[in-house]
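One structure is given here, and the rest of the page talks about it.
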Amino acid sequence: MLETDTRETLLEAIELTREFDGVKALDRFSFKLRRGEILGLLGANGAGKTTAMNCLLGLTLPSSGQLFAFGKALHSHRIEILQRCNFSSSYASLPGNLKVWQNLLVFARIYGVPHPKQKIASLLEMLEVGHLRNRVTGELSAGESTRVNLCKAFLNDPELLMLDEPTASLDPDIADKVRKVVRRVQRERAIGILYTSHNMRDIEEVCDRVIFLHKGRIVAEGTPGDIVKRSTEQSLENVFIKIARSGDLEDAGDKALTP
Amino acid sequence: MNLRIVNALLLRYVFLYTRSPVRLVEMVFWPIVDLLVWGFLTVYLRQSTSGDFPQFITFLLGGMILWDILFRAQQGVAISFLEDVWTRNLLNIFVAPVRSVEYLSATFAVGVLRICVTAVALVVIGWLAYSFNVFVMRWWLIPFFLNLMLFGWSLGMISTALILRWGQAAESLAWAVPFFIQPVVAVFYPVSVLPAWLQPVALALPATHIFEGMREVMRTGSMSWAPLCWAFALNLVYLALAGGFFVWILNYTRRRGLLTKFSTQ
């Protein structure tokens, strides 16, 4: 197929497979994430999203297949690549026994952020958590903690950002603010974002393109609007439910969802 | 190796220890308890023995203080790693541009800081309570400290690798590993006391040469260079093996997908 998108490829997985005791958590998973794009990775629990994210972060090695970021192989340029990436998950907290500014300062120094104190102050303000600067991280609410994690993820002005359910524990008001911040940063800096969420509102609002995974395989790919249009469903949420329950798109009657 | 990253990781541990005075107390509490127990035991032995062996007190207290150097160095590595496990911070560290050597170097530096705090407390209390002057070992103390610290780092890397492999269920190894070797390295008695078959095992461990050397220095005021050279050479071997073991286990956990469980445990 002729490539029409000329934007730089930030992240590319080629035929990525990961087996655990003979079970394929990822099965020949291939995709590209381009500069300035937000790509949603969707699927029910156990579909392979977390395994994919862990492989992309170098936490888990794939059984076979290749991974490239910024045109370089992840396994041989891991540190160089991670310097240009960042990650935030509602399930990975910063150490609870340090103050917010202490945690952020440590990571700012790890990433070699110039003028770290000013950077931290501006990020805390951007995510409306400046008042939490001197609070102990472990005493924050889930929503506050998520936003502080996002500050950590933006510290090094990453070109490639992986966000694992960033709005999972947020109330609708804060979730909306977080989505707007993510969109703004992506627009202003033309970064590539890989985004997982179970909230289809999130996905429709934030993602340019989505990939549906089922049992480790891509079963649908395209813009959220296109996928809904090509299916017999009325909403992306219904497409999600259908894929989660049937898995087999042909049986479900929706063909050729993968372009 | 990027020193900026080592400093950043070390800063995290400094924040941790300065924010929690309980941790500082823990660093000196058990060594002081040990010192008091061994100190009173040696006083009792000296008082109840009519013979002339005043060196008992210096041997036991010297052994106890030097053992603590090794133990604290090992704890610096293993407990620093566990701090990251307990606070579920490992995932953040492993997805940051941190090399294994930088992470380990930061934990080595924590070990040095822990040794400084503990050693000062023990030296002062040993002097005040038992008139034990650790500086009777003069400048030999420097290679003794250095070698025990290096061996402590090796044991720390091995403990950490085992916890990485078997998860938090194996965290008691962080405290247990040094005590597996304690009976063999002749901390409180000479190697000649050990059964003949065990003596080669003892001499294959660098710490044994240091404790033997310590007794020699306390007895004669000097020692030959050979035990120090043996200890240093063995330490290089153990550091290389332990470092290799750590990296091998880290890669194994990545291959098996075990690393991510530390973010959820």
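Naming scheme: A, B, ... for chains in displayed order of the structure tokens; residues 1 onward per chain; ligands 1 onward as shown.
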
Sorted by chain and rising residue number, which residues of chain B lie within 12 Å of chain A, and what are their closest atom pairs and distances in Å to one decimal, counting only C-alpha atoms, as JSON lines?
{"residue": "B:Met1", "atom": "CA", "partner": "A:Ile79", "partner_atom": "CA", "distance": 11.2}
{"residue": "B:Asn2", "atom": "CA", "partner": "A:Ile110", "partner_atom": "CA", "distance": 9.5}
{"residue": "B:Leu3", "atom": "CA", "partner": "A:Ile110", "partner_atom": "CA", "distance": 9.8}
{"residue": "B:Arg4", "atom": "CA", "partner": "A:Ile110", "partner_atom": "CA", "distance": 6.9}
{"residue": "B:Ile5", "atom": "CA", "partner": "A:Ile110", "partner_atom": "CA", "distance": 4.8}
{"residue": "B:Val6", "atom": "CA", "partner": "A:Ile110", "partner_atom": "CA", "distance": 8.1}
{"residue": "B:Asn7", "atom": "CA", "partner": "A:Arg109", "partner_atom": "CA", "distance": 8.2}
{"residue": "B:Ala8", "atom": "CA", "partner": "A:Val106", "partner_atom": "CA", "distance": 5.3}
{"residue": "B:Leu9", "atom": "CA", "partner": "A:Val106", "partner_atom": "CA", "distance": 6.7}
{"residue": "B:Leu10", "atom": "CA", "partner": "A:Val106", "partner_atom": "CA", "distance": 8.8}
{"residue": "B:Leu11", "atom": "CA", "partner": "A:Val106", "partner_atom": "CA", "distance": 6.7}
{"residue": "B:Arg12", "atom": "CA", "partner": "A:Val106", "partner_atom": "CA", "distance": 6.0}
{"residue": "B:Tyr13", "atom": "CA", "partner": "A:Leu98", "partner_atom": "CA", "distance": 9.8}
{"residue": "B:Val14", "atom": "CA", "partner": "A:Gln102", "partner_atom": "CA", "distance": 10.4}
{"residue": "B:Phe15", "atom": "CA", "partner": "A:Leu98", "partner_atom": "CA", "distance": 7.1}
{"residue": "B:Leu16", "atom": "CA", "partner": "A:Leu98", "partner_atom": "CA", "distance": 6.5}
{"residue": "B:Tyr17", "atom": "CA", "partner": "A:Leu98", "partner_atom": "CA", "distance": 10.0}
{"residue": "B:Thr18", "atom": "CA", "partner": "A:Leu98", "partner_atom": "CA", "distance": 10.1}
{"residue": "B:Arg19", "atom": "CA", "partner": "A:Leu98", "partner_atom": "CA", "distance": 7.5}
{"residue": "B:Ser20", "atom": "CA", "partner": "A:Asn97", "partner_atom": "CA", "distance": 8.7}
{"residue": "B:Glu83", "atom": "CA", "partner": "A:Pro95", "partner_atom": "CA", "distance": 8.9}
{"residue": "B:Asp84", "atom": "CA", "partner": "A:Pro95", "partner_atom": "CA", "distance": 7.6}
{"residue": "B:Val85", "atom": "CA", "partner": "A:Pro95", "partner_atom": "CA", "distance": 9.6}
{"residue": "B:Trp86", "atom": "CA", "partner": "A:Pro95", "partner_atom": "CA", "distance": 8.6}
{"residue": "B:Thr87", "atom": "CA", "partner": "A:Pro95", "partner_atom": "CA", "distance": 4.8}
{"residue": "B:Arg88", "atom": "CA", "partner": "A:Ser93", "partner_atom": "CA", "distance": 6.5}
{"residue": "B:Asn89", "atom": "CA", "partner": "A:Pro95", "partner_atom": "CA", "distance": 5.7}
{"residue": "B:Leu90", "atom": "CA", "partner": "A:Ala92", "partner_atom": "CA", "distance": 8.9}
{"residue": "B:Leu91", "atom": "CA", "partner": "A:Ala92", "partner_atom": "CA", "distance": 6.8}
{"residue": "B:Asn92", "atom": "CA", "partner": "A:Ala92", "partner_atom": "CA", "distance": 7.2}
{"residue": "B:Ile93", "atom": "CA", "partner": "A:Phe107", "partner_atom": "CA", "distance": 8.8}
{"residue": "B:Phe94", "atom": "CA", "partner": "A:Leu59", "partner_atom": "CA", "distance": 7.2}
{"residue": "B:Val95", "atom": "CA", "partner": "A:Leu57", "partner_atom": "CA", "distance": 6.1}
{"residue": "B:Ala96", "atom": "CA", "partner": "A:Leu82", "partner_atom": "CA", "distance": 5.9}
{"residue": "B:Pro97", "atom": "CA", "partner": "A:Ile79", "partner_atom": "CA", "distance": 4.7}
{"residue": "B:Val98", "atom": "CA", "partner": "A:Ile79", "partner_atom": "CA", "distance": 6.8}
{"residue": "B:Arg99", "atom": "CA", "partner": "A:Ile79", "partner_atom": "CA", "distance": 7.2}
{"residue": "B:Ser100", "atom": "CA", "partner": "A:Ile79", "partner_atom": "CA", "distance": 10.6}
{"residue": "B:Glu102", "atom": "CA", "partner": "A:Ile110", "partner_atom": "CA", "distance": 10.5}
{"residue": "B:Tyr103", "atom": "CA", "partner": "A:Ile110", "partner_atom": "CA", "distance": 10.9}
{"residue": "B:Ala106", "atom": "CA", "partner": "A:Ile110", "partner_atom": "CA", "distance": 12.0}
{"residue": "B:Leu250", "atom": "CA", "partner": "A:Leu59", "partner_atom": "CA", "distance": 9.9}
{"residue": "B:Asn251", "atom": "CA", "partner": "A:Leu61", "partner_atom": "CA", "distance": 8.6}
{"residue": "B:Tyr252", "atom": "CA", "partner": "A:Leu61", "partner_atom": "CA", "distance": 9.3}
{"residue": "B:Thr253", "atom": "CA", "partner": "A:Thr60", "partner_atom": "CA", "distance": 7.8}
{"residue": "B:Arg254", "atom": "CA", "partner": "A:Thr60", "partner_atom": "CA", "distance": 4.5}
{"residue": "B:Arg255", "atom": "CA", "partner": "A:Leu61", "partner_atom": "CA", "distance": 4.9}
{"residue": "B:Arg256", "atom": "CA", "partner": "A:Thr60", "partner_atom": "CA", "distance": 7.1}
{"residue": "B:Gly257", "atom": "CA", "partner": "A:Thr60", "partner_atom": "CA", "distance": 4.8}
{"residue": "B:Leu258", "atom": "CA", "partner": "A:Thr60", "partner_atom": "CA", "distance": 7.7}
{"residue": "B:Leu259", "atom": "CA", "partner": "A:Leu59", "partner_atom": "CA", "distance": 6.4}
{"residue": "B:Thr260", "atom": "CA", "partner": "A:Leu59", "partner_atom": "CA", "distance": 6.7}
{"residue": "B:Lys261", "atom": "CA", "partner": "A:Leu59", "partner_atom": "CA", "distance": 10.3}
{"residue": "B:Phe262", "atom": "CA", "partner": "A:Ala92", "partner_atom": "CA", "distance": 9.8}
{"residue": "B:Ser263", "atom": "CA", "partner": "A:Ala92", "partner_atom": "CA", "distance": 6.1}
{"residue": "B:Thr264", "atom": "CA", "partner": "A:Tyr91", "partner_atom": "CA", "distance": 7.4}
{"residue": "B:Gln265", "atom": "CA", "partner": "A:Ala92", "partner_atom": "CA", "distance": 10.8}

Excluding Trp248 in chain B and any residue of its chain fewer than 6 positions from it, enumerate the residues within 12 Å of it, using only C-alpha atoms, and give them as a PyMOL selection string. chain B and resi 100+157-158+161-162+164-165+240-242+254-255

Residue among A:Asp5, A:Ile211, A:Leu236, A:Leu11 lying closest to Gly43 in chain A, counting only C-alpha atoms: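 Nearest to Gly43 in chain A: A:Ile211.
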
For Phe232 in chain B, work out the shell of residues within 10 Å, counting only C-alpha atoms and skipping chain neighbours fewer than 6 positions away, then give it as a PyMOL selection string. chain B and resi 143-144+146-148+150-151+206-207+209-210+226+238

Please produce a file of the residues just selected, as an mmCIF file, in the first residue's frame, where the atoms kept are N, CA and C atoms.
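This is the output file selection13.cif:
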data_model
loop_
_atom_site.group_PDB
_atom_site.id
_atom_site.type_symbol
_atom_site.label_atom_id
_atom_site.label_comp_id
_atom_site.auth_asym_id
_atom_site.auth_seq_id
_atom_site.Cartn_x
_atom_site.Cartn_y
_atom_site.Cartn_z
ATOM 1 N N PRO B 143 42.250 0.415 53.846
ATOM 2 C CA PRO B 143 41.988 -0.743 52.959
ATOM 3 C C PRO B 143 40.976 -1.722 53.551
ATOM 4 N N PHE B 144 40.898 -1.806 54.890
ATOM 5 C CA PHE B 144 39.884 -2.694 55.496
ATOM 6 C C PHE B 144 38.478 -2.205 55.113
ATOM 7 N N LEU B 146 37.606 -0.157 52.722
ATOM 8 C CA LEU B 146 37.401 -0.177 51.276
ATOM 9 C C LEU B 146 37.036 -1.578 50.793
ATOM 10 N N ASN B 147 37.797 -2.565 51.241
ATOM 11 C CA ASN B 147 37.542 -3.936 50.788
ATOM 12 C C ASN B 147 36.201 -4.466 51.282
ATOM 13 N N LEU B 148 35.875 -4.160 52.528
ATOM 14 C CA LEU B 148 34.589 -4.641 53.054
ATOM 15 C C LEU B 148 33.425 -3.957 52.340
ATOM 16 N N LEU B 150 33.480 -2.909 49.212
ATOM 17 C CA LEU B 150 33.374 -3.518 47.876
ATOM 18 C C LEU B 150 32.642 -4.857 47.954
ATOM 19 N N PHE B 151 32.982 -5.643 48.972
ATOM 20 C CA PHE B 151 32.316 -6.943 49.095
ATOM 21 C C PHE B 151 30.841 -6.758 49.460
ATOM 22 N N PRO B 206 36.598 -12.488 50.036
ATOM 23 C CA PRO B 206 37.523 -11.398 50.363
ATOM 24 C C PRO B 206 37.462 -10.940 51.819
ATOM 25 N N ALA B 207 36.256 -10.979 52.397
ATOM 26 C CA ALA B 207 36.114 -10.474 53.775
ATOM 27 C C ALA B 207 36.963 -11.269 54.761
ATOM 28 N N HIS B 209 39.952 -12.427 54.470
ATOM 29 C CA HIS B 209 41.322 -11.894 54.507
ATOM 30 C C HIS B 209 41.380 -10.602 55.315
ATOM 31 N N ILE B 210 40.294 -9.848 55.263
ATOM 32 C CA ILE B 210 40.265 -8.581 56.011
ATOM 33 C C ILE B 210 40.158 -8.859 57.515
ATOM 34 N N ALA B 226 50.023 -9.428 51.551
ATOM 35 C CA ALA B 226 49.399 -10.518 50.789
ATOM 36 C C ALA B 226 47.891 -10.640 51.036
ATOM 37 N N TYR B 238 34.497 -10.717 42.457
ATOM 38 C CA TYR B 238 33.120 -10.766 42.958
ATOM 39 C C TYR B 238 32.274 -9.626 42.400
#

Polymer residues at most 10 Å from Tyr189 in chain B, only C-alpha atoms, same-chain spacing of 4 or more positions, as an mmCIF file with N, CA and C atoms, in the first residue's frame:
data_model
loop_
_atom_site.group_PDB
_atom_site.id
_atom_site.type_symbol
_atom_site.label_atom_id
_atom_site.label_comp_id
_atom_site.auth_asym_id
_atom_site.auth_seq_id
_atom_site.Cartn_x
_atom_site.Cartn_y
_atom_site.Cartn_z
ATOM 1 N N PHE B 56 40.823 -9.978 73.516
ATOM 2 C CA PHE B 56 39.481 -10.453 73.187
ATOM 3 C C PHE B 56 38.541 -9.294 72.903
ATOM 4 N N PHE B 59 39.391 -7.727 69.611
ATOM 5 C CA PHE B 59 39.048 -8.597 68.477
ATOM 6 C C PHE B 59 37.539 -8.609 68.226
ATOM 7 N N LEU B 60 36.787 -8.810 69.306
ATOM 8 C CA LEU B 60 35.335 -8.919 69.131
ATOM 9 C C LEU B 60 34.725 -7.589 68.689
ATOM 10 N N GLY B 63 35.933 -6.787 65.163
ATOM 11 C CA GLY B 63 35.198 -7.627 64.211
ATOM 12 C C GLY B 63 33.782 -7.127 64.016
ATOM 13 N N PRO B 183 29.214 -16.887 59.158
ATOM 14 C CA PRO B 183 29.964 -17.918 59.899
ATOM 15 C C PRO B 183 31.274 -18.311 59.216
ATOM 16 N N VAL B 184 31.333 -18.099 57.902
ATOM 17 C CA VAL B 184 32.482 -18.585 57.138
ATOM 18 C C VAL B 184 33.612 -17.558 57.053
ATOM 19 N N VAL B 185 33.288 -16.269 57.113
ATOM 20 C CA VAL B 185 34.323 -15.258 56.860
ATOM 21 C C VAL B 185 35.139 -14.904 58.106
ATOM 22 N N VAL B 193 40.019 -22.029 63.089
ATOM 23 C CA VAL B 193 38.978 -22.656 63.915
ATOM 24 C C VAL B 193 38.003 -23.457 63.047
ATOM 25 N N LEU B 194 37.872 -23.049 61.802
ATOM 26 C CA LEU B 194 36.903 -23.704 60.909
ATOM 27 C C LEU B 194 37.376 -25.111 60.551
ATOM 28 N N PHE B 211 39.289 -9.783 57.895
ATOM 29 C CA PHE B 211 39.143 -10.064 59.335
ATOM 30 C C PHE B 211 40.402 -10.733 59.896
ATOM 31 N N GLU B 212 41.023 -11.573 59.095
ATOM 32 C CA GLU B 212 42.302 -12.154 59.522
ATOM 33 C C GLU B 212 43.349 -11.039 59.669
ATOM 34 N N ARG B 215 42.891 -8.932 62.859
ATOM 35 C CA ARG B 215 43.441 -9.547 64.087
ATOM 36 C C ARG B 215 44.964 -9.439 64.103
#

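Counting from CA of Leu104 in chain B, the distance to CA of Arg72 in chain B is 15.0 Å.
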
Could you pull the residues within 8 Å of Leu61 in chain B, counting only C-alpha atoms, minus those fewer than 3 positions along the same chain, as a PDB file with N, CA, C and O atoms, in the first residue's frame?
ATOM      1  N   LEU B  35      26.740  -3.518  69.300  1.00  0.00           N
ATOM      2  CA  LEU B  35      27.973  -3.081  69.958  1.00  0.00           C
ATOM      3  C   LEU B  35      27.859  -3.260  71.475  1.00  0.00           C
ATOM      4  O   LEU B  35      28.796  -3.739  72.134  1.00  0.00           O
ATOM      5  N   TRP B  38      27.947  -7.147  72.343  1.00  0.00           N
ATOM      6  CA  TRP B  38      29.295  -7.713  72.209  1.00  0.00           C
ATOM      7  C   TRP B  38      30.267  -7.054  73.187  1.00  0.00           C
ATOM      8  O   TRP B  38      31.161  -7.711  73.726  1.00  0.00           O
ATOM      9  N   GLY B  39      30.061  -5.785  73.420  1.00  0.00           N
ATOM     10  CA  GLY B  39      30.938  -5.073  74.356  1.00  0.00           C
ATOM     11  C   GLY B  39      30.812  -5.637  75.761  1.00  0.00           C
ATOM     12  O   GLY B  39      31.822  -5.966  76.401  1.00  0.00           O
ATOM     13  N   ILE B  57      38.616  -8.326  73.782  1.00  0.00           N
ATOM     14  CA  ILE B  57      37.673  -7.216  73.623  1.00  0.00           C
ATOM     15  C   ILE B  57      37.917  -6.473  72.322  1.00  0.00           C
ATOM     16  O   ILE B  57      36.985  -6.093  71.609  1.00  0.00           O
ATOM     17  N   THR B  58      39.179  -6.307  71.995  1.00  0.00           N
ATOM     18  CA  THR B  58      39.461  -5.582  70.755  1.00  0.00           C
ATOM     19  C   THR B  58      39.113  -6.425  69.536  1.00  0.00           C
ATOM     20  O   THR B  58      38.589  -5.920  68.557  1.00  0.00           O
ATOM     21  N   MET B  64      33.156  -6.755  65.129  1.00  0.00           N
ATOM     22  CA  MET B  64      31.771  -6.306  65.063  1.00  0.00           C
ATOM     23  C   MET B  64      31.654  -5.007  64.244  1.00  0.00           C
ATOM     24  O   MET B  64      30.753  -4.869  63.383  1.00  0.00           O
ATOM     25  N   ILE B  65      32.560  -4.080  64.493  1.00  0.00           N
ATOM     26  CA  ILE B  65      32.501  -2.796  63.776  1.00  0.00           C
ATOM     27  C   ILE B  65      32.791  -2.995  62.281  1.00  0.00           C
ATOM     28  O   ILE B  65      32.087  -2.477  61.416  1.00  0.00           O
ATOM     29  N   GLY B 126      31.950   2.974  70.974  1.00  0.00           N
ATOM     30  CA  GLY B 126      32.991   2.002  71.340  1.00  0.00           C
ATOM     31  C   GLY B 126      34.067   2.653  72.210  1.00  0.00           C
ATOM     32  O   GLY B 126      34.555   2.054  73.179  1.00  0.00           O
ATOM     33  N   PHE B 132      37.428   1.461  73.577  1.00  0.00           N
ATOM     34  CA  PHE B 132      37.950   0.773  72.395  1.00  0.00           C
ATOM     35  C   PHE B 132      38.269   1.807  71.325  1.00  0.00           C
ATOM     36  O   PHE B 132      37.387   2.525  70.852  1.00  0.00           O
TER      37      PHE B 132
END

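Near Val129 in chain A, within a cut-off of 12 Å and counting only C-alpha atoms, sit the residues A:Val100, A:Trp101, A:Ile120, A:Ala121, A:Ser122, A:Leu123, A:Arg135, A:Thr137, A:Leu140, A:Ser141, A:Gly143, A:Glu144, A:Ser145, A:Thr146, A:Arg147, A:Val148, A:Asn149, A:Leu150, A:Cys151, A:Ile174, A:Lys177, A:Val178, with same-chain residues fewer than 6 positions away left out.
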